[in-house]
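Asker: Please read through the structure below; I'll follow up with questions.
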Amino acid sequence: MESRTTRRETILALGATAVVAATGRMARAGADDKAALPALLPAGKHAAVPLPFEAASLAGLSAKMITSHWQNNYGGAVKNLNKVEEQLATVTSALPQARTSMALLGLPAHSQQI
């Protein structure tokens with residue numbers, strides 16, 4: 001009887017392999033590897049990274065299409081990431097004030113009654 005692996009099982013196996021490989025690399029990381037990690041950017045300060053290749057170098061795809069997708073899809077995602085991070089920073093900075101206001105009203109911090 002022949003055993004066939006499904007696409008789902010293959011994807012799960014590849015994902016598990018990637019996790020194990022990444023975990024092993026992190027466990028072996030020395031001081032030099034940690035120093036090479038990029039610094040975290042402040043909220044809302046991400047910039048789109050240029051394409052790492054010439055857009056016209058891909059056979060079968062026009063440079064115009066590659067550039068358009070890079071600008072609209074990737075560039076739009078970076079802009080939205082910045083927007084969300086800025087909004088989260090505003091909300092989290094207001095959170096202690098909201099908890100203090102709730103305490104003054106005699107409400108527990110987890111209360112839905114405001």
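Letters A, B, ... mark the chains of the structure tokens in the order given; residue numbers begin at 1 per chain; ligand numbers begin at 1, in order shown.
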Need the shell around region 83-92 of chain A: protein/DNA/RNA residues with any atom at most 9 Å away, counting only C-alpha atoms. Skip same-chain ones fewer than 5 positions apart. Format as a ChimeraX atom specification?
Answerer: /A:42-45,78
Asker: Could you please take those selected residues and save N, CA and C atoms as a compact mmCIF listing (two decimals), in the first residue's frame?
Answerer:
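Full text of selection_17.txt as output:
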```txt
# COMPACT_ATOMS: atom_id res chain seq x y z
N PRO A 42 11.81 53.55 16.29
CA PRO A 42 10.70 54.09 17.07
C PRO A 42 9.39 53.88 16.32
N ALA A 43 8.30 53.90 17.05
CA ALA A 43 6.98 53.67 16.45
C ALA A 43 6.72 54.67 15.33
N GLY A 44 6.29 54.15 14.19
CA GLY A 44 5.90 54.99 13.06
C GLY A 44 7.06 55.55 12.25
N LYS A 45 8.25 55.00 12.39
CA LYS A 45 9.42 55.54 11.69
C LYS A 45 10.00 54.56 10.67
N VAL A 78 4.04 49.53 4.46
CA VAL A 78 4.93 50.27 5.36
C VAL A 78 4.21 51.50 5.91
```
Asker: When you look at region 70-75 of chain A with a cut-off of 9 Å (counting only C-alpha atoms), what residues show up, excluding the ones that are within fewer than 2 positions of it in the same chain? I need them as JSON, numbers by chain.
Answerer: {"A": [47, 48, 49, 50, 51, 65, 66, 67, 68, 77, 78, 79, 80]}
Asker: Take the residues just selected and output them with N, CA and C atoms as a PDB file, in the first residue's frame.
Answerer:
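The resulting file, again38.pdb, is reproduced below:
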```
ATOM      1  N   ALA A  47      10.729  52.904   7.049  1.00  0.00           N
ATOM      2  CA  ALA A  47      10.840  53.399   5.678  1.00  0.00           C
ATOM      3  C   ALA A  47      10.907  52.195   4.745  1.00  0.00           C
ATOM      4  N   ALA A  48      10.363  52.359   3.562  1.00  0.00           N
ATOM      5  CA  ALA A  48      10.397  51.279   2.572  1.00  0.00           C
ATOM      6  C   ALA A  48      11.834  51.049   2.127  1.00  0.00           C
ATOM      7  N   VAL A  49      12.224  49.797   2.071  1.00  0.00           N
ATOM      8  CA  VAL A  49      13.560  49.413   1.630  1.00  0.00           C
ATOM      9  C   VAL A  49      13.530  49.309   0.104  1.00  0.00           C
ATOM     10  N   PRO A  50      14.533  49.843  -0.585  1.00  0.00           N
ATOM     11  CA  PRO A  50      14.531  49.748  -2.044  1.00  0.00           C
ATOM     12  C   PRO A  50      14.591  48.297  -2.516  1.00  0.00           C
ATOM     13  N   LEU A  51      14.134  48.077  -3.732  1.00  0.00           N
ATOM     14  CA  LEU A  51      14.224  46.740  -4.310  1.00  0.00           C
ATOM     15  C   LEU A  51      15.684  46.302  -4.330  1.00  0.00           C
ATOM     16  N   MET A  65       5.459  46.903 -13.914  1.00  0.00           N
ATOM     17  CA  MET A  65       4.599  46.132 -13.019  1.00  0.00           C
ATOM     18  C   MET A  65       5.301  45.876 -11.674  1.00  0.00           C
ATOM     19  N   ILE A  66       6.561  45.497 -11.729  1.00  0.00           N
ATOM     20  CA  ILE A  66       7.315  45.239 -10.499  1.00  0.00           C
ATOM     21  C   ILE A  66       7.383  46.507  -9.654  1.00  0.00           C
ATOM     22  N   THR A  67       7.719  47.616 -10.280  1.00  0.00           N
ATOM     23  CA  THR A  67       7.830  48.887  -9.555  1.00  0.00           C
ATOM     24  C   THR A  67       6.478  49.308  -8.982  1.00  0.00           C
ATOM     25  N   SER A  68       5.433  49.142  -9.765  1.00  0.00           N
ATOM     26  CA  SER A  68       4.090  49.502  -9.308  1.00  0.00           C
ATOM     27  C   SER A  68       3.681  48.675  -8.096  1.00  0.00           C
ATOM     28  N   ALA A  77       1.964  48.995   2.664  1.00  0.00           N
ATOM     29  CA  ALA A  77       2.048  48.235   3.915  1.00  0.00           C
ATOM     30  C   ALA A  77       2.935  48.952   4.915  1.00  0.00           C
ATOM     31  N   VAL A  78       4.036  49.534   4.463  1.00  0.00           N
ATOM     32  CA  VAL A  78       4.932  50.269   5.362  1.00  0.00           C
ATOM     33  C   VAL A  78       4.215  51.502   5.913  1.00  0.00           C
ATOM     34  N   LYS A  79       3.503  52.217   5.043  1.00  0.00           N
ATOM     35  CA  LYS A  79       2.754  53.402   5.501  1.00  0.00           C
ATOM     36  C   LYS A  79       1.704  53.009   6.541  1.00  0.00           C
ATOM     37  N   ASN A  80       0.970  51.925   6.272  1.00  0.00           N
ATOM     38  CA  ASN A  80      -0.050  51.474   7.224  1.00  0.00           C
ATOM     39  C   ASN A  80       0.573  51.004   8.534  1.00  0.00           C
TER      40      ASN A  80
END
```
Asker: One number please: CA of Leu81 (chain A) to CA of Leu61 (chain A), in Å, one decimal.
Answerer: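 Rounded to one decimal, the two atoms are 27.6 Å apart.
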